[in-house]
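Below is target-v3.csv, which holds CSV, N, CA and C atoms.
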```
chain,number,residue,atom,x,y,z
A,1,MET,N,141.3,28.9,109.0
A,1,MET,CA,142.8,28.9,108.8
A,1,MET,C,143.1,30.2,108.1
A,2,MET,N,144.0,31.0,108.7
A,2,MET,CA,144.4,32.3,108.1
A,2,MET,C,145.6,32.1,107.1
A,3,VAL,N,145.4,32.6,105.9
A,3,VAL,CA,146.5,32.6,104.9
A,3,VAL,C,147.0,34.0,104.7
A,4,THR,N,148.3,34.2,104.8
A,4,THR,CA,148.8,35.6,104.5
A,4,THR,C,149.4,35.5,103.2
A,5,LEU,N,148.9,36.5,102.3
A,5,LEU,CA,149.4,36.5,101.0
A,5,LEU,C,150.6,37.5,100.9
A,6,PRO,N,151.6,37.2,100.1
A,6,PRO,CA,152.6,38.2,99.9
A,6,PRO,C,152.0,39.3,99.0
A,7,PRO,N,152.4,40.6,99.2
A,7,PRO,CA,151.7,41.7,98.5
A,7,PRO,C,151.7,41.5,97.0
A,8,ASP,N,152.7,40.9,96.4
A,8,ASP,CA,152.8,40.8,95.0
A,8,ASP,C,152.2,39.4,94.5
A,9,TYR,N,151.5,38.7,95.3
A,9,TYR,CA,151.1,37.3,94.9
A,9,TYR,C,150.1,37.4,93.8
A,10,ARG,N,150.3,36.6,92.8
A,10,ARG,CA,149.3,36.4,91.7
A,10,ARG,C,149.2,34.9,91.5
A,11,PRO,N,147.9,34.4,91.4
A,11,PRO,CA,147.8,33.0,91.1
A,11,PRO,C,148.3,32.6,89.8
A,12,SER,N,148.9,31.4,89.7
A,12,SER,CA,149.4,31.0,88.4
A,12,SER,C,148.9,29.6,88.1
A,13,GLU,N,149.0,29.2,86.8
A,13,GLU,CA,148.5,27.9,86.4
A,13,GLU,C,149.5,26.8,86.9
A,14,ASP,N,150.7,27.2,87.3
A,14,ASP,CA,151.7,26.2,87.7
A,14,ASP,C,151.4,25.6,89.1
A,15,GLU,N,150.6,26.3,89.9
A,15,GLU,CA,150.3,25.9,91.3
A,15,GLU,C,149.2,24.9,91.3
A,16,ILE,N,149.0,24.2,92.5
A,16,ILE,CA,147.8,23.4,92.7
A,16,ILE,C,146.6,24.3,92.6
A,17,PHE,N,145.6,23.9,91.8
A,17,PHE,CA,144.4,24.7,91.6
A,17,PHE,C,143.7,24.8,92.9
A,18,MET,N,143.3,26.1,93.2
A,18,MET,CA,142.5,26.4,94.4
A,18,MET,C,143.2,26.0,95.7
A,19,ASN,N,144.5,26.2,95.7
A,19,ASN,CA,145.3,25.9,96.9
A,19,ASN,C,144.9,27.1,97.9
A,20,PRO,N,145.2,27.0,99.2
A,20,PRO,CA,144.8,28.0,100.2
A,20,PRO,C,145.2,29.4,99.7
A,21,GLN,N,146.4,29.6,99.1
A,21,GLN,CA,146.7,31.0,98.7
A,21,GLN,C,145.8,31.5,97.6
A,22,GLN,N,145.5,30.6,96.6
A,22,GLN,CA,144.6,31.1,95.5
A,22,GLN,C,143.2,31.4,96.1
A,23,LEU,N,142.7,30.6,97.0
A,23,LEU,CA,141.4,30.8,97.6
A,23,LEU,C,141.4,32.2,98.3
A,24,GLU,N,142.5,32.4,99.1
A,24,GLU,CA,142.6,33.7,99.8
A,24,GLU,C,142.7,34.9,98.9
A,25,TYR,N,143.4,34.7,97.8
A,25,TYR,CA,143.6,35.7,96.8
A,25,TYR,C,142.2,36.1,96.2
A,26,PHE,N,141.4,35.1,95.8
A,26,PHE,CA,140.1,35.4,95.2
A,26,PHE,C,139.1,35.9,96.3
A,27,ARG,N,139.2,35.4,97.5
A,27,ARG,CA,138.4,35.9,98.6
A,27,ARG,C,138.6,37.4,98.8
A,28,GLN,N,139.9,37.8,98.9
A,28,GLN,CA,140.2,39.2,99.0
A,28,GLN,C,139.7,40.1,97.8
A,29,LYS,N,139.9,39.5,96.6
A,29,LYS,CA,139.5,40.2,95.4
A,29,LYS,C,138.0,40.4,95.4
A,30,LEU,N,137.2,39.4,95.8
A,30,LEU,CA,135.8,39.5,95.9
A,30,LEU,C,135.3,40.5,96.9
A,31,LEU,N,136.0,40.4,98.1
A,31,LEU,CA,135.6,41.4,99.2
A,31,LEU,C,135.9,42.8,98.8
A,32,ARG,N,137.0,43.0,98.1
A,32,ARG,CA,137.3,44.4,97.6
A,32,ARG,C,136.3,44.9,96.7
A,33,TRP,N,135.9,44.0,95.7
A,33,TRP,CA,134.9,44.4,94.7
A,33,TRP,C,133.6,44.7,95.4
A,34,ARG,N,133.2,43.8,96.3
A,34,ARG,CA,132.0,44.0,97.1
A,34,ARG,C,132.0,45.4,97.8
A,35,ALA,N,133.1,45.7,98.5
A,35,ALA,CA,133.2,47.0,99.2
A,35,ALA,C,133.0,48.1,98.2
A,36,ASP,N,133.7,48.0,97.1
A,36,ASP,CA,133.6,49.1,96.1
A,36,ASP,C,132.1,49.3,95.6
A,37,LEU,N,131.4,48.2,95.4
A,37,LEU,CA,130.0,48.3,94.9
A,37,LEU,C,129.2,48.9,96.0
A,38,ILE,N,129.4,48.5,97.2
A,38,ILE,CA,128.6,49.1,98.3
A,38,ILE,C,128.9,50.6,98.5
A,39,ARG,N,130.1,51.0,98.4
A,39,ARG,CA,130.5,52.4,98.5
A,39,ARG,C,129.8,53.2,97.3
A,40,GLU,N,129.9,52.6,96.1
A,40,GLU,CA,129.2,53.3,95.0
A,40,GLU,C,127.7,53.4,95.2
A,41,ALA,N,127.1,52.3,95.7
A,41,ALA,CA,125.7,52.3,96.0
A,41,ALA,C,125.3,53.4,97.0
A,42,ASP,N,126.1,53.5,98.0
A,42,ASP,CA,125.9,54.5,99.1
A,42,ASP,C,126.0,55.9,98.5
A,43,ASP,N,127.0,56.1,97.6
A,43,ASP,CA,127.1,57.4,96.9
A,43,ASP,C,125.8,57.7,96.1
A,44,THR,N,125.4,56.7,95.3
A,44,THR,CA,124.2,56.8,94.5
A,44,THR,C,123.0,57.2,95.4
A,45,LEU,N,122.8,56.4,96.5
A,45,LEU,CA,121.7,56.7,97.4
A,45,LEU,C,121.8,58.1,97.9
A,46,ALA,N,123.0,58.6,98.3
A,46,ALA,CA,123.1,59.9,98.8
A,46,ALA,C,122.6,60.9,97.8
A,47,SER,N,123.0,60.7,96.5
A,47,SER,CA,122.7,61.7,95.5
A,47,SER,C,121.2,61.6,95.2
A,48,LEU,N,120.6,60.4,95.3
A,48,LEU,CA,119.2,60.2,95.0
A,48,LEU,C,118.3,60.9,96.1
A,49,SER,N,118.8,60.9,97.4
A,49,SER,CA,118.0,61.4,98.5
A,49,SER,C,118.2,62.9,98.6
A,50,GLN,N,119.0,63.5,97.8
A,50,GLN,CA,119.1,65.0,97.9
A,50,GLN,C,117.9,65.7,97.4
A,51,GLY,N,116.8,65.1,97.7
A,51,GLY,CA,115.5,65.9,97.5
A,51,GLY,C,114.8,65.5,96.2
A,52,GLY,N,113.6,66.0,96.1
A,52,GLY,CA,112.8,65.8,95.0
A,52,GLY,C,113.3,66.6,93.8
A,53,ILE,N,112.4,66.7,92.8
A,53,ILE,CA,112.8,67.4,91.6
A,53,ILE,C,112.2,68.8,91.7
A,54,HIS,N,113.1,69.8,91.8
A,54,HIS,CA,112.7,71.2,92.0
A,54,HIS,C,112.9,72.0,90.7
A,55,GLU,N,113.3,71.2,89.6
A,55,GLU,CA,113.7,72.0,88.4
A,55,GLU,C,112.4,72.6,87.8
A,56,ALA,N,112.4,73.8,87.5
A,56,ALA,CA,111.2,74.5,86.9
A,56,ALA,C,111.1,74.1,85.5
A,57,ASP,N,112.3,74.1,84.8
A,57,ASP,CA,112.4,73.9,83.4
A,57,ASP,C,112.0,72.4,83.1
A,58,ILE,N,111.2,72.2,82.1
A,58,ILE,CA,110.7,70.9,81.8
A,58,ILE,C,111.9,70.0,81.3
A,59,THR,N,112.8,70.6,80.6
A,59,THR,CA,114.0,69.9,80.1
A,59,THR,C,114.9,69.5,81.2
A,60,ASP,N,115.1,70.4,82.2
A,60,ASP,CA,115.9,70.0,83.3
A,60,ASP,C,115.3,68.9,84.1
A,61,ARG,N,113.9,69.0,84.3
A,61,ARG,CA,113.2,68.0,85.0
A,61,ARG,C,113.4,66.6,84.3
A,62,ALA,N,113.2,66.6,83.0
A,62,ALA,CA,113.4,65.3,82.2
A,62,ALA,C,114.8,64.8,82.4
A,63,SER,N,115.8,65.7,82.4
A,63,SER,CA,117.2,65.3,82.6
A,63,SER,C,117.4,64.6,83.9
A,64,VAL,N,116.8,65.3,85.0
A,64,VAL,CA,116.9,64.7,86.3
A,64,VAL,C,116.3,63.4,86.4
A,65,GLU,N,115.1,63.2,85.8
A,65,GLU,CA,114.3,62.0,85.8
A,65,GLU,C,115.2,60.9,85.2
A,66,THR,N,115.8,61.2,84.0
A,66,THR,CA,116.6,60.2,83.3
A,66,THR,C,117.8,59.8,84.2
A,67,ASP,N,118.5,60.8,84.8
A,67,ASP,CA,119.6,60.5,85.7
A,67,ASP,C,119.2,59.5,86.8
A,68,ARG,N,118.0,59.8,87.4
A,68,ARG,CA,117.5,59.1,88.5
A,68,ARG,C,117.2,57.6,88.0
A,69,ALA,N,116.6,57.5,86.9
A,69,ALA,CA,116.3,56.1,86.3
A,69,ALA,C,117.6,55.3,86.1
A,70,LEU,N,118.6,56.0,85.6
A,70,LEU,CA,119.9,55.4,85.4
A,70,LEU,C,120.5,55.0,86.7
A,71,GLU,N,120.5,55.8,87.7
A,71,GLU,CA,121.0,55.5,89.0
A,71,GLU,C,120.3,54.3,89.6
A,72,LEU,N,119.0,54.3,89.5
A,72,LEU,CA,118.3,53.1,90.0
A,72,LEU,C,118.6,51.8,89.3
A,73,ARG,N,118.8,51.9,88.0
A,73,ARG,CA,119.2,50.7,87.2
A,73,ARG,C,120.6,50.3,87.7
A,74,THR,N,121.5,51.3,87.9
A,74,THR,CA,122.8,51.0,88.3
A,74,THR,C,122.8,50.3,89.7
A,75,ARG,N,122.0,50.8,90.6
A,75,ARG,CA,121.8,50.2,91.9
A,75,ARG,C,121.3,48.8,91.9
A,76,ASP,N,120.4,48.5,91.0
A,76,ASP,CA,119.8,47.2,90.8
A,76,ASP,C,120.9,46.2,90.3
A,77,ARG,N,121.7,46.7,89.4
A,77,ARG,CA,122.8,45.9,88.8
A,77,ARG,C,123.8,45.6,89.9
A,78,ALA,N,124.1,46.6,90.7
A,78,ALA,CA,125.1,46.5,91.8
A,78,ALA,C,124.5,45.5,92.8
A,79,ARG,N,123.2,45.5,93.1
A,79,ARG,CA,122.6,44.6,94.1
A,79,ARG,C,122.8,43.2,93.6
A,80,LYS,N,122.5,43.0,92.3
A,80,LYS,CA,122.6,41.6,91.7
A,80,LYS,C,124.0,41.1,91.8
A,81,LEU,N,125.0,42.0,91.5
A,81,LEU,CA,126.4,41.7,91.5
A,81,LEU,C,126.8,41.3,92.9
A,82,ILE,N,126.4,42.1,93.9
A,82,ILE,CA,126.7,41.8,95.3
A,82,ILE,C,126.2,40.4,95.7
A,83,ALA,N,125.0,40.1,95.2
A,83,ALA,CA,124.4,38.7,95.5
A,83,ALA,C,125.3,37.7,94.9
A,84,LYS,N,125.8,37.9,93.7
A,84,LYS,CA,126.7,36.9,93.0
A,84,LYS,C,128.0,36.8,93.7
A,85,ILE,N,128.5,37.9,94.2
A,85,ILE,CA,129.8,37.9,95.0
A,85,ILE,C,129.6,37.2,96.3
A,86,ASP,N,128.5,37.4,97.0
A,86,ASP,CA,128.2,36.6,98.2
A,86,ASP,C,128.1,35.1,97.9
A,87,GLN,N,127.5,34.8,96.8
A,87,GLN,CA,127.5,33.3,96.4
A,87,GLN,C,128.9,32.8,96.2
A,88,ALA,N,129.7,33.6,95.5
A,88,ALA,CA,131.1,33.2,95.3
A,88,ALA,C,131.9,33.0,96.6
A,89,LEU,N,131.7,33.9,97.5
A,89,LEU,CA,132.3,33.8,98.8
A,89,LEU,C,131.9,32.6,99.6
A,90,ALA,N,130.6,32.2,99.4
A,90,ALA,CA,130.0,31.0,100.0
A,90,ALA,C,130.7,29.8,99.4
A,91,ARG,N,130.9,29.8,98.1
A,91,ARG,CA,131.6,28.7,97.4
A,91,ARG,C,133.0,28.5,97.9
A,92,ILE,N,133.7,29.7,98.2
A,92,ILE,CA,135.1,29.6,98.8
A,92,ILE,C,135.0,28.9,100.1
A,93,GLU,N,134.0,29.2,100.9
A,93,GLU,CA,133.8,28.6,102.2
A,93,GLU,C,133.5,27.1,102.1
A,94,ASN,N,132.7,26.7,101.1
A,94,ASN,CA,132.3,25.3,101.1
A,94,ASN,C,133.2,24.5,100.2
A,95,GLY,N,134.2,25.1,99.6
A,95,GLY,CA,135.2,24.3,98.8
A,95,GLY,C,134.8,24.1,97.3
A,96,SER,N,133.8,24.7,96.9
A,96,SER,CA,133.4,24.5,95.5
A,96,SER,C,133.8,25.6,94.5
A,97,TYR,N,134.4,26.7,95.1
A,97,TYR,CA,134.8,27.8,94.3
A,97,TYR,C,135.9,27.4,93.2
A,98,GLY,N,135.7,27.9,92.0
A,98,GLY,CA,136.7,27.7,91.0
A,98,GLY,C,136.4,26.5,90.1
A,99,TYR,N,135.3,25.8,90.5
A,99,TYR,CA,135.0,24.6,89.7
A,99,TYR,C,133.6,24.8,89.0
A,100,CYS,N,133.5,24.3,87.8
A,100,CYS,CA,132.3,24.5,87.0
A,100,CYS,C,131.1,23.8,87.6
A,101,GLU,N,130.0,24.5,87.7
A,101,GLU,CA,128.8,24.0,88.3
A,101,GLU,C,128.3,22.8,87.6
A,102,GLU,N,128.6,22.7,86.3
A,102,GLU,CA,128.0,21.6,85.4
A,102,GLU,C,129.0,20.5,85.3
A,103,THR,N,130.2,20.7,85.1
A,103,THR,CA,131.2,19.7,84.8
A,103,THR,C,132.1,19.3,85.9
A,104,ASP,N,132.2,20.2,87.0
A,104,ASP,CA,133.1,20.0,88.1
A,104,ASP,C,134.6,20.2,87.6
A,105,GLU,N,134.8,20.6,86.4
A,105,GLU,CA,136.2,20.9,85.9
A,105,GLU,C,136.6,22.2,86.5
A,106,PRO,N,137.9,22.4,86.6
A,106,PRO,CA,138.4,23.8,87.0
A,106,PRO,C,138.0,24.8,86.0
A,107,ILE,N,137.5,26.0,86.5
A,107,ILE,CA,137.1,27.1,85.6
A,107,ILE,C,138.4,27.7,85.0
A,108,GLY,N,139.5,27.7,85.7
A,108,GLY,CA,140.7,28.3,85.2
A,108,GLY,C,141.0,29.6,85.8
A,109,ILE,N,142.3,29.9,86.1
A,109,ILE,CA,142.8,31.1,86.7
A,109,ILE,C,142.5,32.3,85.9
A,110,LYS,N,142.8,32.3,84.6
A,110,LYS,CA,142.6,33.5,83.7
A,110,LYS,C,141.1,33.9,83.7
A,111,ARG,N,140.2,32.9,83.6
A,111,ARG,CA,138.8,33.3,83.6
A,111,ARG,C,138.4,33.8,85.0
A,112,LEU,N,138.8,33.2,86.0
A,112,LEU,CA,138.5,33.7,87.4
A,112,LEU,C,139.1,35.1,87.6
A,113,GLU,N,140.3,35.4,87.1
A,113,GLU,CA,140.9,36.7,87.2
A,113,GLU,C,139.9,37.7,86.6
A,114,ALA,N,139.5,37.4,85.4
A,114,ALA,CA,138.6,38.3,84.6
A,114,ALA,C,137.2,38.4,85.2
A,115,ARG,N,136.7,37.3,85.7
A,115,ARG,CA,135.3,37.2,86.2
A,115,ARG,C,135.3,36.3,87.5
A,116,PRO,N,135.7,36.9,88.6
A,116,PRO,CA,135.8,36.1,89.8
A,116,PRO,C,134.5,35.5,90.3
A,117,ILE,N,133.3,35.9,89.7
A,117,ILE,CA,132.1,35.3,90.1
A,117,ILE,C,131.6,34.2,89.2
A,118,ALA,N,132.5,33.8,88.2
A,118,ALA,CA,132.1,32.8,87.2
A,118,ALA,C,131.8,31.5,87.9
A,119,THR,N,130.7,30.8,87.4
A,119,THR,CA,130.3,29.5,87.9
A,119,THR,C,130.5,28.4,86.9
A,120,LEU,N,130.7,28.8,85.6
A,120,LEU,CA,130.8,27.9,84.6
A,120,LEU,C,132.2,28.0,83.9
A,121,SER,N,132.7,26.8,83.4
A,121,SER,CA,133.9,26.9,82.6
A,121,SER,C,133.6,27.6,81.3
A,122,ILE,N,134.6,28.0,80.5
A,122,ILE,CA,134.3,28.6,79.2
A,122,ILE,C,133.5,27.7,78.3
A,123,GLU,N,133.8,26.4,78.3
A,123,GLU,CA,133.1,25.5,77.4
A,123,GLU,C,131.6,25.4,77.8
A,124,ALA,N,131.3,25.3,79.1
A,124,ALA,CA,129.9,25.2,79.6
A,124,ALA,C,129.2,26.6,79.3
A,125,GLN,N,129.9,27.7,79.5
A,125,GLN,CA,129.3,29.0,79.2
A,125,GLN,C,129.0,29.1,77.8
A,126,GLU,N,129.9,28.7,76.9
A,126,GLU,CA,129.6,28.8,75.4
A,126,GLU,C,128.4,27.9,75.1
A,127,ARG,N,128.3,26.7,75.7
A,127,ARG,CA,127.2,25.8,75.4
A,127,ARG,C,125.9,26.5,75.8
A,128,HIS,N,125.9,27.1,77.0
A,128,HIS,CA,124.7,27.9,77.4
A,128,HIS,C,124.3,28.9,76.4
A,129,GLU,N,125.3,29.7,76.0
A,129,GLU,CA,125.0,30.8,75.0
A,129,GLU,C,124.5,30.3,73.7
A,130,ARG,N,125.0,29.1,73.2
A,130,ARG,CA,124.5,28.5,72.0
A,130,ARG,C,123.1,28.1,72.2
A,131,MET,N,122.8,27.5,73.3
A,131,MET,CA,121.4,27.0,73.6
A,131,MET,C,120.5,28.2,73.7
A,132,GLU,N,120.9,29.3,74.3
A,132,GLU,CA,120.1,30.5,74.4
A,132,GLU,C,119.8,31.1,73.0
A,133,ARG,N,120.8,31.0,72.1
A,133,ARG,CA,120.6,31.5,70.8
A,133,ARG,C,119.5,30.7,70.0
A,134,VAL,N,119.6,29.4,70.3
A,134,VAL,CA,118.7,28.4,69.6
A,134,VAL,C,117.3,28.6,70.1
A,135,TYR,N,117.1,28.8,71.4
A,135,TYR,CA,115.8,28.9,72.0
A,135,TYR,C,115.2,30.3,72.1
A,136,ARG,N,116.0,31.3,71.8
A,136,ARG,CA,115.5,32.7,72.0
A,136,ARG,C,114.5,33.0,70.9
A,137,ASP,N,113.4,33.6,71.3
A,137,ASP,CA,112.4,34.1,70.3
A,137,ASP,C,112.8,35.4,69.7
A,138,ASP,N,113.2,35.4,68.5
A,138,ASP,CA,113.6,36.6,67.8
A,138,ASP,C,112.5,37.4,67.3
```

Would you write the structure of this file as structure tokens?
Amino acid sequence: MMVTLPPDYRPSEDEIFMNPQQLEYFRQKLLRWRADLIREADDTLASLSQGGIHEADITDRASVETDRALELRTRDRARKLIAKIDQALARIENGSYGYCEETDEPIGIKRLEARPIATLSIEAQERHERMERVYRDD
């Protein structure tokens, strides 16, 4: 089913939660985010593949190595984010998007606007964070 969104559409709490327009809005938001991450990853890959390290100066070489390590970390983070975006898109397809994995309660429009890959309601997320603090080895 194709849903056409008005250009100025914004989901609101007054609508039926996860109606076809909201789902399409978040689907487009996720696809745009995914495309941006892939474009950035391609740019990073292009700069990484511009050859080995030819810097004679040890300081320059260290700087290049640091930049490369940072770029690889950024790529890894982007890869993990893309996987989470793909999972969110799959939830849109199967009808579970926007609902907490633990409680089946609506996650809420504001939270999804801020974090469209969210899988937990704020309450469930806070519960997880409290548990992590309790069980973390300091």

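Minimum distance to A:Val3 across A:Arg130, A:Met18, A:Ile38, A:Glu24 (counting only C-alpha atoms) occurs at A:Glu24.
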
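One finds atom CA of A:Gln21 at 7.7 Å from atom CA of A:Thr4.
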
Taking 3 positions as the minimum chain separation for residues in the same chain, which residues sit within 7 Å of stretch 11-13 of chain A when counting all atoms listed in the file? Answer as an mmCIF file with N, CA and C atoms, in the coordinates of the input.
```cif
data_model
loop_
_atom_site.group_PDB
_atom_site.id
_atom_site.type_symbol
_atom_site.label_atom_id
_atom_site.label_comp_id
_atom_site.auth_asym_id
_atom_site.auth_seq_id
_atom_site.Cartn_x
_atom_site.Cartn_y
_atom_site.Cartn_z
ATOM 1 N N ILE A 16 149.000 24.200 92.500
ATOM 2 C CA ILE A 16 147.800 23.400 92.700
ATOM 3 C C ILE A 16 146.600 24.300 92.600
ATOM 4 N N PHE A 17 145.600 23.900 91.800
ATOM 5 C CA PHE A 17 144.400 24.700 91.600
ATOM 6 C C PHE A 17 143.700 24.800 92.900
ATOM 7 N N GLN A 21 146.400 29.600 99.100
ATOM 8 C CA GLN A 21 146.700 31.000 98.700
ATOM 9 C C GLN A 21 145.800 31.500 97.600
ATOM 10 N N GLN A 22 145.500 30.600 96.600
ATOM 11 C CA GLN A 22 144.600 31.100 95.500
ATOM 12 C C GLN A 22 143.200 31.400 96.100
ATOM 13 N N ILE A 109 142.300 29.900 86.100
ATOM 14 C CA ILE A 109 142.800 31.100 86.700
ATOM 15 C C ILE A 109 142.500 32.300 85.900
#
```

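The two atoms in question, atom C of A:Asp43 and atom CA of A:Lys80, are spaced 17.0 Å apart.
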
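If only N, CA and C atoms are the atoms counted, then among A:Ala62, A:Arg133, A:Arg75, A:Asp8 the closest residue to A:Glu40 is A:Arg75.
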
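Here the question is which of A:Val134, A:Leu5, A:Leu30, A:Leu23 gets nearest to A:Asp86 using only N, CA and C atoms, and that residue is A:Leu30.
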
| task | Please provide as JSON, numbers by chain all residues within 10 Å of stretch 96-108 of chain A, with the sequence filter that same-chain residues fewer than 5 positions apart are discarded (counting only C-alpha atoms). | result | {"A": [12, 13, 17, 18, 22, 23, 26, 27, 87, 88, 89, 90, 91, 113, 116, 117, 118, 119, 120, 121, 122, 123, 124, 125]}

| message | So that I can check the secondary structure, give me every residue of stretch 17-136 of chain A assigned helix (DSSP H, G or I) by backbone DSSP, as an NGL selection string. | response | :A and (20-48 or 58-94 or 109-114 or 122-135)

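Closest approach to A:Thr74 from the set A:Arg32, A:Glu132, A:Ala41, A:Ile58 is made by A:Ala41, with distances taken over only N, CA and C atoms.
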
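Interatomic distance, atom CA of A:Ile82 to atom C of A:Tyr135: 28.3 Å.
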
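Using all atoms listed in the file, the nearest neighbour of A:Trp33 within the list A:Glu126, A:Ile85, A:Arg77, A:Asn94 is A:Ile85.
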